[in-house]
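Chemist: Sharing protein.txt below, compact mmCIF, C-alpha atoms:
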```
# COMPACT_ATOMS: atom_id res chain seq x y z
CA MET A 187 17.62 -46.00 6.87
CA ARG A 188 15.44 -43.47 5.14
CA ILE A 189 12.90 -46.12 4.14
CA ARG A 190 12.80 -47.40 7.70
CA LYS A 191 12.24 -43.89 9.00
CA ARG A 192 9.44 -43.36 6.50
CA ALA A 193 7.85 -46.64 7.52
CA ALA A 194 8.04 -45.60 11.17
CA TYR A 195 6.35 -42.30 10.32
CA LYS A 196 3.66 -44.13 8.38
CA GLU A 197 3.04 -46.39 11.32
CA LEU A 198 2.71 -43.45 13.68
CA GLU A 199 0.29 -41.79 11.31
CA ASN A 200 -1.78 -44.96 10.95
CA ARG A 201 -1.87 -45.35 14.69
CA ALA A 202 -3.13 -41.78 15.08
CA ILE A 203 -5.73 -42.27 12.34
CA ALA A 204 -6.93 -45.50 13.96
CA PHE A 205 -7.24 -43.72 17.26
CA LEU A 206 -9.08 -40.79 15.69
CA SER A 207 -11.57 -43.16 14.12
CA ARG A 208 -12.33 -44.59 17.57
CA VAL A 209 -13.05 -41.20 19.09
CA GLU A 210 -16.74 -40.45 19.46
CA SER A 211 -17.59 -36.84 18.75
CA PRO A 212 -20.63 -35.43 20.52
CA GLU A 213 -23.66 -34.73 18.35
CA PRO A 214 -25.25 -31.32 18.60
CA PRO A 215 -28.07 -31.47 21.15
CA LYS A 216 -31.59 -31.93 19.78
CA ARG A 217 -32.74 -28.56 21.07
CA VAL A 218 -30.03 -26.85 18.99
CA ALA A 219 -31.14 -28.70 15.89
CA ILE A 220 -34.78 -27.82 16.51
CA TYR A 221 -34.72 -24.31 17.95
CA GLY A 222 -31.29 -23.08 16.89
CA LEU A 223 -32.40 -22.21 13.37
CA GLN A 224 -35.43 -20.28 14.64
CA ARG A 225 -33.24 -18.36 17.05
CA VAL A 226 -30.75 -17.50 14.31
CA LEU A 227 -33.50 -16.29 11.96
CA ALA A 228 -35.12 -14.27 14.74
CA ARG A 229 -31.83 -12.64 15.68
CA ALA A 230 -31.06 -11.83 12.04
CA GLU A 231 -34.49 -10.24 11.63
CA ALA A 232 -33.91 -8.22 14.79
CA GLY A 233 -30.81 -6.79 13.15
CA GLU A 234 -28.28 -8.61 15.28
CA GLY A 235 -24.93 -9.44 13.80
CA VAL A 236 -25.16 -6.61 11.31
CA SER A 237 -21.90 -5.02 12.36
CA PRO A 238 -19.84 -8.12 11.47
CA ALA A 239 -21.50 -7.96 8.07
CA LYS A 240 -19.56 -4.82 7.33
CA ARG A 241 -16.36 -6.72 7.99
CA ASN A 242 -14.94 -8.86 5.23
CA VAL A 243 -14.82 -12.47 6.36
CA TYR A 244 -11.80 -13.06 4.16
CA ARG A 245 -9.68 -10.73 6.25
CA THR A 246 -6.56 -11.00 4.13
CA PRO A 247 -7.09 -9.10 0.86
CA SER A 248 -5.98 -10.82 -2.29
CA PHE A 249 -2.45 -10.35 -3.65
CA VAL A 250 -3.70 -8.67 -6.83
CA TYR A 251 -5.77 -6.23 -4.79
CA ARG A 252 -2.80 -5.36 -2.60
CA LEU A 253 -0.50 -5.03 -5.60
CA ALA A 254 -2.96 -2.75 -7.38
CA LEU A 255 -3.31 -0.68 -4.24
CA VAL A 256 0.45 -0.32 -3.92
CA LEU A 257 0.82 0.57 -7.61
CA ILE A 258 -1.83 3.25 -7.26
CA MET A 259 -0.60 4.58 -3.94
CA ILE A 260 3.11 4.95 -4.84
CA PRO A 261 2.66 7.52 -7.67
CA LEU A 262 -0.10 9.21 -5.68
CA LEU A 263 2.13 9.61 -2.65
CA LEU A 264 5.04 10.77 -4.80
CA ALA A 265 2.85 13.34 -6.52
CA LEU A 266 1.41 14.52 -3.21
CA SER A 267 4.79 14.77 -1.51
CA GLY A 268 6.22 16.55 -4.58
CA ALA A 269 3.34 19.03 -4.67
CA GLY A 270 3.66 19.57 -0.91
CA ALA A 271 7.40 20.18 -1.13
CA TYR A 272 6.89 22.59 -4.03
CA ALA A 273 4.17 24.51 -2.19
CA PHE A 274 6.16 24.73 1.06
CA SER A 275 9.40 25.71 -0.62
CA TYR A 276 7.91 28.30 -2.97
CA ASN A 277 8.39 31.24 -0.61
CA SER A 278 11.55 30.01 1.08
CA GLN A 279 14.49 32.35 1.45
CA PRO A 280 18.22 31.68 1.08
CA GLY A 281 19.51 30.16 4.30
CA SER A 282 16.30 28.24 5.00
CA THR A 283 16.23 24.45 4.73
CA LEU A 284 13.70 24.50 1.91
CA TYR A 285 15.68 26.87 -0.29
CA GLY A 286 17.51 23.94 -1.88
CA THR A 287 14.14 22.36 -2.70
CA LYS A 288 12.99 25.57 -4.33
CA ILE A 289 16.15 25.64 -6.49
CA PHE A 290 15.67 21.94 -7.29
CA PHE A 291 12.15 22.59 -8.58
CA GLU A 292 13.39 25.54 -10.63
CA ARG A 293 15.99 23.32 -12.27
CA ALA A 294 13.41 20.60 -12.79
CA ARG A 295 11.17 23.12 -14.54
CA LEU A 296 14.08 24.13 -16.76
CA ALA A 297 14.82 20.51 -17.56
CA LEU A 298 11.21 19.96 -18.59
CA THR A 299 11.03 22.82 -21.08
CA LEU A 300 11.47 21.90 -24.71
CA SER A 301 13.02 24.99 -26.26
CA ALA A 302 15.89 27.34 -25.55
CA ALA A 303 13.48 30.29 -25.79
CA SER A 304 11.34 28.90 -22.96
CA ASP A 305 14.50 28.21 -20.95
CA LEU A 306 15.60 31.79 -21.44
CA ARG A 307 12.23 33.18 -20.34
CA LEU A 308 12.34 30.98 -17.26
CA GLU A 309 15.90 32.01 -16.42
CA MET A 310 14.84 35.67 -16.66
CA THR A 311 11.92 34.97 -14.31
CA PHE A 312 14.29 33.24 -11.89
CA CYS A 313 16.71 36.19 -12.07
CA ASP A 314 13.85 38.48 -11.03
CA ARG A 315 12.98 36.06 -8.29
CA ARG A 316 16.59 36.16 -7.05
CA LEU A 317 16.38 39.95 -6.84
CA GLU A 318 13.23 39.71 -4.73
CA GLU A 319 15.06 37.28 -2.46
CA LEU A 320 17.95 39.71 -2.15
CA GLN A 321 15.59 42.53 -1.18
CA GLN A 322 13.91 40.32 1.40
CA LEU A 323 17.29 39.25 2.76
CA ALA A 324 18.30 42.86 3.13
CA ALA A 325 14.97 43.74 4.78
CA SER A 326 15.04 40.84 7.21
CA GLY A 327 18.63 41.39 8.30
CA ARG A 328 19.38 37.65 8.07
CA TYR A 329 22.33 37.06 5.80
CA GLN A 330 23.00 33.36 6.34
CA GLY A 331 22.21 32.27 2.80
CA ALA A 332 23.83 35.22 1.03
CA GLU A 333 26.65 33.14 -0.46
CA ARG A 334 24.24 30.54 -1.78
CA TRP A 335 22.05 33.28 -3.13
CA LEU A 336 24.97 34.82 -5.02
CA ARG A 337 25.89 31.46 -6.56
CA GLU A 338 22.35 30.94 -7.78
CA TYR A 339 22.04 34.47 -9.14
CA ARG A 340 25.32 34.12 -11.01
CA ARG A 341 24.22 30.79 -12.42
CA ASN A 342 20.86 32.21 -13.59
CA ILE A 343 22.51 35.16 -15.29
CA MET A 344 25.18 33.02 -16.99
CA GLU A 345 22.66 30.45 -18.15
CA ALA A 346 20.40 33.15 -19.54
CA ALA A 347 23.34 34.78 -21.34
CA SER A 348 24.38 31.49 -22.91
CA LEU A 349 20.79 30.76 -23.96
CA VAL A 350 20.47 34.06 -25.83
CA GLY A 351 22.80 32.64 -28.47
CA GLN A 352 20.84 29.39 -28.73
CA VAL A 353 17.32 30.67 -29.37
CA PRO A 354 15.95 30.48 -32.92
CA PRO A 355 16.66 33.58 -35.04
CA GLN A 356 12.99 34.60 -35.27
CA GLU A 357 12.81 34.96 -31.48
CA ALA A 358 16.41 35.98 -30.80
CA GLU A 359 16.00 39.71 -31.18
CA ALA A 360 12.91 40.08 -29.01
CA LEU A 361 14.26 37.81 -26.28
CA SER A 362 17.67 39.47 -26.33
CA ARG A 363 15.99 42.83 -25.90
CA GLN A 364 13.87 41.47 -23.03
CA PHE A 365 17.00 40.09 -21.42
CA LEU A 366 18.74 43.46 -21.70
CA GLN A 367 15.71 45.19 -20.18
CA ALA A 368 15.65 42.68 -17.37
CA LEU A 369 19.34 43.28 -16.67
CA GLU A 370 18.80 47.05 -16.66
CA ARG A 371 15.89 46.69 -14.30
CA GLN A 372 17.90 44.40 -12.02
CA SER A 373 20.97 46.62 -11.99
CA GLY A 374 18.70 49.49 -10.94
CA ARG A 375 17.32 47.46 -8.06
CA ILE A 376 20.79 46.39 -6.94
CA GLU A 377 21.95 49.98 -7.24
CA GLU A 378 19.24 50.98 -4.76
CA LEU A 379 20.47 48.36 -2.31
CA ARG A 380 24.04 49.59 -2.68
CA ARG A 381 22.93 52.98 -1.38
CA VAL A 382 21.70 51.55 1.94
CA PRO A 383 24.51 52.53 4.30
CA SER A 384 24.00 49.90 7.04
CA LEU A 385 23.69 46.92 4.69
CA GLU A 386 25.87 44.00 5.73
CA LEU A 387 25.46 42.27 2.39
CA VAL A 388 27.99 44.57 0.79
CA PRO A 389 30.32 41.91 -0.75
CA GLN A 390 27.43 39.91 -2.22
CA VAL A 391 25.57 42.98 -3.45
CA GLU A 392 28.74 44.36 -5.03
CA GLU A 393 29.47 41.06 -6.71
CA ALA A 394 25.88 40.77 -7.94
CA TYR A 395 26.06 44.30 -9.29
CA ARG A 396 29.31 43.49 -11.05
CA ILE A 397 27.84 40.35 -12.63
CA CYS A 398 24.64 42.11 -13.66
CA THR A 399 26.27 45.20 -15.11
CA GLY A 400 29.01 43.13 -16.78
CA GLU A 401 26.43 41.02 -18.56
CA MET A 402 24.38 44.11 -19.33
CA GLU A 403 27.41 45.72 -20.98
CA ARG A 404 28.05 42.59 -23.03
CA GLU A 405 24.44 42.59 -24.20
CA ARG A 406 24.64 46.26 -25.07
CA GLN A 407 27.83 45.68 -27.00
CA ARG A 408 26.22 42.79 -28.83
CA HIS A 409 23.29 44.99 -29.75
CA GLY A 410 25.69 47.79 -30.61
CA ALA A 411 27.85 45.51 -32.78
CA ASN A 412 24.79 44.19 -34.59
CA GLY A 413 23.08 47.55 -34.24
CA GLY A 414 22.97 48.21 -37.92
CA MET A 415 21.63 44.79 -38.62
CA ILE A 416 19.11 44.94 -35.75
CA HIS A 417 17.89 48.34 -36.82
CA GLN A 418 17.67 47.04 -40.37
CA ASP A 419 15.64 44.08 -39.12
CA MET A 420 13.39 46.36 -37.13
CA GLU A 421 12.85 48.50 -40.15
CA ASP A 422 12.17 45.38 -42.20
CA GLU A 423 9.70 44.20 -39.58
CA SER A 424 7.82 47.48 -39.87
CA PRO A 425 4.57 46.87 -41.73
CA LEU A 426 4.97 50.24 -43.47
CA LYS A 427 8.16 48.99 -45.12
CA GLY A 428 6.71 45.55 -45.87
CA GLY A 429 9.90 43.79 -44.70
CA ASP A 430 10.47 40.24 -43.61
CA PRO A 431 9.36 39.64 -40.04
CA GLY A 432 11.21 37.31 -37.73
CA GLY A 433 14.78 38.34 -38.56
CA GLN A 434 14.88 36.94 -42.06
CA GLY A 435 17.15 39.83 -42.96
CA LYS A 436 19.77 38.26 -40.72
CA GLN A 437 19.27 34.99 -42.49
CA GLY A 438 19.53 36.86 -45.75
CA ASN A 439 22.87 38.24 -44.66
CA GLU A 440 23.98 34.78 -43.67
CA ASN A 441 22.75 33.40 -46.97
CA GLY A 442 24.70 36.12 -48.75
CA ARG A 443 27.81 35.17 -46.81
CA HIS A 444 27.19 31.52 -47.63
CA GLU A 445 26.84 32.38 -51.32
CA LYS A 446 30.05 34.36 -51.15
CA GLU A 447 31.85 31.42 -49.53
CA CYS A 448 30.50 29.10 -52.20
CA SER A 449 31.68 31.39 -54.93
CA ASN A 450 35.10 31.54 -53.30
CA ASP A 451 35.18 27.74 -53.25
CA GLY A 452 34.30 27.77 -56.87
CA GLU A 453 37.20 30.06 -57.57
CA MET B 133 -30.41 -32.22 -3.66
CA ALA B 134 -29.15 -28.67 -4.14
CA SER B 135 -25.54 -27.90 -3.38
CA LEU B 136 -24.59 -25.59 -0.54
CA GLU B 137 -23.55 -22.94 -3.06
CA GLU B 138 -26.99 -23.01 -4.69
CA LEU B 139 -28.64 -22.87 -1.30
CA ALA B 140 -26.46 -19.89 -0.39
CA ALA B 141 -27.53 -18.07 -3.55
CA ARG B 142 -31.18 -18.77 -2.74
CA THR B 143 -30.69 -17.61 0.86
CA ALA B 144 -29.13 -14.40 -0.39
CA GLY B 145 -32.30 -13.96 -2.44
CA GLY B 146 -34.41 -14.20 0.73
CA ASP B 147 -35.27 -17.92 0.83
CA LYS B 148 -35.37 -18.92 4.50
CA ASN B 149 -35.96 -22.58 3.72
CA ALA B 150 -32.68 -22.65 1.81
CA PHE B 151 -30.92 -21.39 4.88
CA GLY B 152 -32.71 -24.09 6.87
CA ALA B 153 -31.14 -26.67 4.58
CA ILE B 154 -27.71 -25.09 5.04
CA TYR B 155 -28.20 -25.12 8.79
CA GLU B 156 -29.14 -28.76 8.72
CA ALA B 157 -26.14 -29.70 6.58
CA LEU B 158 -23.52 -27.72 8.46
CA LEU B 159 -24.70 -27.81 12.07
CA ASP B 160 -23.03 -31.12 12.82
CA PRO B 161 -19.53 -30.38 11.37
CA ILE B 162 -19.47 -26.83 12.74
CA PHE B 163 -20.66 -27.92 16.15
CA LYS B 164 -17.98 -30.64 16.28
CA TYR B 165 -15.33 -28.21 15.14
CA LEU B 166 -16.28 -25.77 17.86
CA TYR B 167 -16.66 -28.45 20.47
CA TRP B 168 -13.18 -29.90 19.93
CA ASN B 169 -11.73 -26.43 19.99
CA LEU B 170 -13.59 -25.15 23.04
CA GLY B 171 -14.05 -28.32 25.01
CA SER B 172 -17.43 -27.18 26.20
CA ASN B 173 -20.83 -28.26 24.96
CA GLU B 174 -22.56 -25.03 26.00
CA ASP B 175 -19.88 -22.81 24.51
CA ALA B 176 -19.99 -24.80 21.28
CA GLU B 177 -23.79 -24.38 21.14
CA ASP B 178 -23.62 -20.65 21.73
CA LEU B 179 -20.84 -20.12 19.26
CA ALA B 180 -22.49 -22.31 16.62
CA GLU B 181 -25.52 -20.04 16.82
CA GLU B 182 -23.24 -17.02 16.45
CA VAL B 183 -21.53 -18.61 13.45
CA PHE B 184 -24.83 -19.31 11.67
CA LEU B 185 -26.03 -15.81 12.43
CA ARG B 186 -22.86 -14.37 10.87
CA CYS B 187 -23.28 -16.69 7.87
CA LEU B 188 -26.86 -15.53 7.36
CA VAL B 189 -26.09 -11.84 7.71
CA ASN B 190 -23.03 -12.03 5.48
CA ILE B 191 -24.33 -14.51 2.94
CA ALA B 192 -24.66 -11.86 0.22
CA THR B 193 -20.89 -11.34 0.38
CA TYR B 194 -20.16 -15.02 -0.33
CA ASN B 195 -18.44 -15.44 -3.68
CA PRO B 196 -18.44 -19.02 -5.04
CA LYS B 197 -15.35 -18.23 -7.13
CA ARG B 198 -13.30 -17.89 -3.96
CA GLY B 199 -14.06 -21.33 -2.62
CA SER B 200 -16.80 -23.67 -1.48
CA PHE B 201 -19.52 -22.50 0.85
CA LYS B 202 -18.43 -25.01 3.46
CA SER B 203 -14.92 -23.55 3.62
CA TRP B 204 -16.41 -20.04 3.76
CA ALA B 205 -18.64 -21.05 6.67
CA PHE B 206 -15.68 -22.65 8.43
CA ARG B 207 -13.67 -19.50 7.88
CA ILE B 208 -16.43 -17.65 9.73
CA ALA B 209 -16.40 -20.31 12.43
CA HIS B 210 -12.64 -19.98 12.77
CA ASN B 211 -12.87 -16.18 13.02
CA ALA B 212 -15.69 -16.46 15.55
CA LEU B 213 -13.57 -18.86 17.57
CA VAL B 214 -10.63 -16.46 17.54
CA ASP B 215 -12.91 -13.60 18.63
CA TYR B 216 -14.44 -15.75 21.35
CA ARG B 217 -11.06 -16.78 22.71
CA ARG B 218 -9.98 -13.20 22.70
CA ARG B 219 -13.07 -12.26 24.72
CA LYS B 220 -12.80 -15.08 27.18
CA ALA B 221 -9.37 -16.34 28.02
CA ARG B 222 -10.60 -19.62 29.35
CA ARG B 223 -8.88 -22.95 29.91
CA PRO B 224 -10.66 -25.35 27.54
CA GLN B 225 -9.31 -28.53 29.05
CA GLU B 226 -11.01 -28.05 32.43
CA ARG B 227 -14.36 -27.46 30.78
CA LEU B 228 -13.95 -30.43 28.49
CA GLU B 229 -13.34 -32.89 31.27
CA GLU B 230 -16.29 -31.46 33.13
CA ASP B 231 -18.48 -31.74 30.05
CA MET B 232 -17.29 -35.17 29.13
CA THR B 233 -18.27 -36.39 32.57
CA ASP B 234 -21.56 -34.58 32.92
CA ASN B 235 -23.21 -34.03 29.57
CA VAL B 236 -21.74 -35.56 26.50
CA LEU B 237 -21.30 -39.12 27.55
CA PRO B 238 -23.91 -39.65 30.23
CA ALA B 239 -23.80 -43.41 30.71
CA ALA B 240 -21.23 -44.90 33.07
CA ASP B 241 -20.79 -47.92 30.82
CA LYS B 242 -19.22 -45.65 28.24
CA LEU B 243 -16.21 -45.15 30.44
CA GLU B 244 -13.83 -46.24 27.75
CA GLU B 245 -15.25 -43.77 25.25
CA LYS B 246 -14.98 -41.04 27.84
CA GLU B 247 -11.36 -41.87 28.50
CA THR B 248 -10.68 -41.97 24.76
CA ALA B 249 -12.18 -38.51 24.38
CA ILE B 250 -10.06 -37.16 27.22
CA ALA B 251 -6.95 -38.70 25.67
CA MET B 252 -7.95 -37.13 22.37
CA ARG B 253 -8.23 -33.76 24.06
CA ASP B 254 -4.80 -34.22 25.67
CA ALA B 255 -3.28 -35.14 22.33
CA LEU B 256 -4.91 -32.15 20.62
CA ASP B 257 -3.59 -29.86 23.32
CA GLU B 258 -0.07 -31.03 22.53
CA LEU B 259 -0.37 -29.98 18.89
CA LYS B 260 0.38 -26.59 17.47
CA PRO B 261 -2.78 -24.45 17.01
CA ALA B 262 -2.73 -24.69 13.20
CA GLN B 263 -2.14 -28.46 13.30
CA ARG B 264 -5.02 -28.81 15.76
CA GLN B 265 -7.35 -26.94 13.39
CA VAL B 266 -6.33 -29.21 10.53
CA ILE B 267 -6.94 -32.41 12.52
CA ILE B 268 -10.31 -31.25 13.83
CA MET B 269 -11.52 -30.06 10.45
CA LYS B 270 -10.28 -33.17 8.65
CA PHE B 271 -11.32 -35.92 11.06
CA PHE B 272 -14.25 -34.48 13.00
CA SER B 273 -15.80 -32.09 10.49
CA GLN B 274 -15.08 -34.36 7.50
CA MET B 275 -13.56 -31.70 5.31
CA SER B 276 -11.26 -32.17 2.33
CA ASN B 277 -7.74 -30.76 2.28
CA ALA B 278 -8.83 -28.11 -0.23
CA GLU B 279 -11.69 -27.00 2.01
CA VAL B 280 -9.43 -26.90 5.08
CA ALA B 281 -6.88 -24.88 3.13
CA LYS B 282 -9.50 -22.33 2.08
CA ALA B 283 -10.96 -22.10 5.56
CA LEU B 284 -7.58 -21.51 7.17
CA GLY B 285 -6.22 -19.30 4.41
CA ARG B 286 -3.30 -21.68 3.70
CA SER B 287 -2.20 -23.58 0.65
CA GLU B 288 -3.31 -27.16 0.14
CA GLY B 289 0.32 -28.35 0.32
CA ALA B 290 0.80 -26.60 3.65
CA VAL B 291 -2.33 -28.22 5.02
CA ASN B 292 -1.16 -31.63 3.82
CA ALA B 293 2.22 -31.15 5.48
CA MET B 294 0.60 -29.96 8.70
CA GLN B 295 -1.68 -32.96 8.71
CA HIS B 296 1.21 -35.41 8.37
CA ARG B 297 3.21 -33.70 11.09
CA ALA B 298 0.22 -33.56 13.40
CA LEU B 299 -0.59 -37.25 12.88
CA ARG B 300 3.00 -38.26 13.59
CA ARG B 301 3.07 -36.16 16.72
CA MET B 302 -0.24 -37.61 17.84
CA GLY B 303 0.88 -41.16 17.08
CA LYS B 304 3.99 -40.64 19.15
CA LEU B 305 2.04 -39.14 22.05
CA LEU B 306 -0.51 -41.92 22.02
CA GLU B 307 2.25 -44.48 21.97
CA GLU B 308 4.03 -42.84 24.88
CA ARG B 309 0.84 -42.73 26.92
CA GLY B 310 -0.27 -46.21 25.98
CA TRP B 311 -3.42 -45.10 24.16
CA SER B 312 -2.65 -46.59 20.83
CA GLU B 313 -3.78 -50.11 21.61
```
Please express what this file holds, its structure, as structure tokens.
Modeler:
Amino acid sequence: MRIRKRAAYKELENRAIAFLSRVESPEPPKRVAIYGLQRVLARAEAGEGVSPAKRNVYRTPSFVYRLALVLIMIPLLLALSGAGAYAFSYNSQPGSTLYGTKIFFERARLALTLSAASDLRLEMTFCDRRLEELQQLAASGRYQGAERWLREYRRNIMEAASLVGQVPPQEAEALSRQFLQALERQSGRIEELRRVPSLELVPQVEEAYRICTGEMERERQRHGANGGMIHQDMEDESPLKGGDPGGQGKQGNENGRHEKECSNDGE
Amino acid sequence: MASLEELAARTAGGDKNAFGAIYEALLDPIFKYLYWNLGSNEDAEDLAEEVFLRCLVNIATYNPKRGSFKSWAFRIAHNALVDYRRRKARRPQERLEEDMTDNVLPAADKLEEKETAIAMRDALDELKPAQRQVIIMKFFSQMSNAEVAKALGRSEGAVNAMQHRALRRMGKLLEERGWSE
């Protein structure tokens, strides 16, 4: 059946080919053969047909070209859209649609840092930024994003507090002090806002004040508890005393404790 | 005798005689291609001139690595044809019959040839556009499958398949209309 069908197809094809061979195609007229070339050369010299020259006759670009273009364009577009989103969201306020983008970029920046010390510095910067947002919220009289703002502020403070314990000993003291100063500065700014009688942000401001002062107290206690040690370190750091800079005294204490433990084990 | 690719390189370097040789070699196949597509002698003449002008102006952009010069020239002819059809939405069949009677086959004793040509036109009109291009390029412009494939921007296998389908369709049509004898 299949062979017969194939034979029938072959016959049809042969019939068509035989017919095609019988068809007489017209030859180009003599005048075209003689004068056509001269006309073409004259027109080319006159500058005709130049505009099609700018067009690629192979209108479909090659696959490799298109692939390369796509591979170049995708990261470029991503980078451009990312930069655009960052730029647009930079000054956004809580309650605006771009505020989430701003927070996303802050977290992305935190994720890209390599040390706890850098994370802590960034968190302190973001805490200050939150305070500016709070002041702008209070000034604008729009309180839609106040809850979100409070969540973010709390998160920044808590993260910063947890990072203080993770930074290397040589930076711990300075950063801890900076953190305490930042908290003092922030509590002062929140305190000012608390005095505004018509402020409708009272619950959020009160909560922020509570968080800030609570953490500030904890930091003070920490400094107070280690006060002797810190003061000792500071004295050691003093060039006049010729001490060990970078909190080696603390390490020395720890080494002493370690030695004591070892001796106890030995006993 | 120099190949078309060599002549193209010489033309790109400013050799007008080389282009003359290209013109001589390609006028006949390009004219036939245009004629069987347009069905008009005058239109085919005009468009052939346009095709050679485009070839000359663009010859520096021809890259031998991307295919033969003949397929490149036919690609230009195909594009020119598409542009022309876009400009003038004309019925080719009417013009063909007119031309066949008046200009191309002048002698009355060539009645049979005239009728054959008209039947050929009818059969071509029944084919799909791409199949028609393949048949015209293969049988009237004497191009290889590879050249047709390059000119139409298709694969060689696709051209081969189109050719077989077109021939079968034509064979059937000719049989139905009693033109196959």
Chemist: I need the chain A residues near chain B as a short mmCIF file (atom, residue, chain, number, x, y, z; two decimals) with C-alpha atoms, keeping the file's coordinate frame; criterion: at most 8 Å, counting all atoms listed in the file.
Modeler:
```cif
data_model
loop_
_atom_site.label_atom_id
_atom_site.label_comp_id
_atom_site.auth_asym_id
_atom_site.auth_seq_id
_atom_site.Cartn_x
_atom_site.Cartn_y
_atom_site.Cartn_z
CA TYR A 195 6.35 -42.30 10.32
CA LYS A 196 3.66 -44.13 8.38
CA LEU A 198 2.71 -43.45 13.68
CA GLU A 199 0.29 -41.79 11.31
CA ASN A 200 -1.78 -44.96 10.95
CA ARG A 201 -1.87 -45.35 14.69
CA ALA A 202 -3.13 -41.78 15.08
CA ILE A 203 -5.73 -42.27 12.34
CA PHE A 205 -7.24 -43.72 17.26
CA LEU A 206 -9.08 -40.79 15.69
CA SER A 207 -11.57 -43.16 14.12
CA ARG A 208 -12.33 -44.59 17.57
CA VAL A 209 -13.05 -41.20 19.09
CA GLU A 210 -16.74 -40.45 19.46
CA SER A 211 -17.59 -36.84 18.75
CA PRO A 212 -20.63 -35.43 20.52
CA GLU A 213 -23.66 -34.73 18.35
CA PRO A 214 -25.25 -31.32 18.60
CA VAL A 218 -30.03 -26.85 18.99
CA ALA A 219 -31.14 -28.70 15.89
CA GLY A 222 -31.29 -23.08 16.89
CA LEU A 223 -32.40 -22.21 13.37
CA ARG A 225 -33.24 -18.36 17.05
CA VAL A 226 -30.75 -17.50 14.31
CA LEU A 227 -33.50 -16.29 11.96
CA ARG A 229 -31.83 -12.64 15.68
CA ALA A 230 -31.06 -11.83 12.04
CA GLY A 235 -24.93 -9.44 13.80
CA VAL A 236 -25.16 -6.61 11.31
CA PRO A 238 -19.84 -8.12 11.47
CA ALA A 239 -21.50 -7.96 8.07
CA VAL A 243 -14.82 -12.47 6.36
CA TYR A 244 -11.80 -13.06 4.16
#
```
Chemist: Considering only C-alpha atoms, state which residue in the set B:Glu258, B:Glu288, B:Glu279, B:Glu138 is at the smallest distance from B:Gly199.
Modeler: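 When distances to B:Gly199 are compared using only C-alpha atoms, the smallest one comes from B:Glu279.
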Chemist: For atom CA of A:Gly374 and atom CA of A:Tyr395, determine how far apart the two atoms are, in Å to one decimal place.
Modeler: 9.2 Å
Chemist: Can you tell me which residues surround A:Ala297 at a distance of at most 12 Å, considering all atoms listed in the file, apart from same-chain residues fewer than 5 positions away, and format the answer as a ChimeraX atom specification?
Modeler: /A:290-292,302,304-306,308-309
Chemist: Name all residues at most 8 Å from stretch 344-353 of chain A (count all atoms listed in the file; drop same-chain ones fewer than 2 positions away) and give them as a count of residues only.
Modeler: 17
Chemist: Can you work out which one of A:Val250, A:Glu338, A:Arg328, A:Ser373 has the shortest atom-to-atom distance to A:Gly286, counting only C-alpha atoms?
Modeler: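 Under the stated criterion, the closest residue is A:Glu338.
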Chemist: Which value, in Å to one decimal, gives the distance between atom CA of B:Phe201 and atom CA of B:Glu137?
Modeler: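 Rounded to one decimal, the two atoms are 5.6 Å apart.
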Chemist: Figure out the distance between atom CA of A:Glu234 and atom CA of A:Ser248, please, to one decimal in Å.
Modeler: 28.5 Å
Chemist: Please work out which residues fall within 10 Å of (21.1, 39.7, 1.5), coordinates as given in the file, with all atoms listed in the file counting, and return them as a list in words.
Modeler: Gln279, Pro280, Leu317, Glu319, Leu320, Gln321, Gln322, Leu323, Ala324, Ala325, Ser326, Gly327, Arg328, Tyr329, Gln330, Gly331, Ala332, Glu333, Trp335, Leu336, Leu379, Leu385, Glu386, Leu387, Val388, Pro389, Gln390 and Val391 of chain A
Chemist: Tell me, as a list in words, which residues lie within 10 Å of B:Tyr216, counting all atoms listed in the file; anything in the same chain fewer than 6 positions away does not count.
Modeler: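 Final neighbour list, sorted by chain and number: Leu170, Asp175, Leu179, His210 and Arg222 of chain B.
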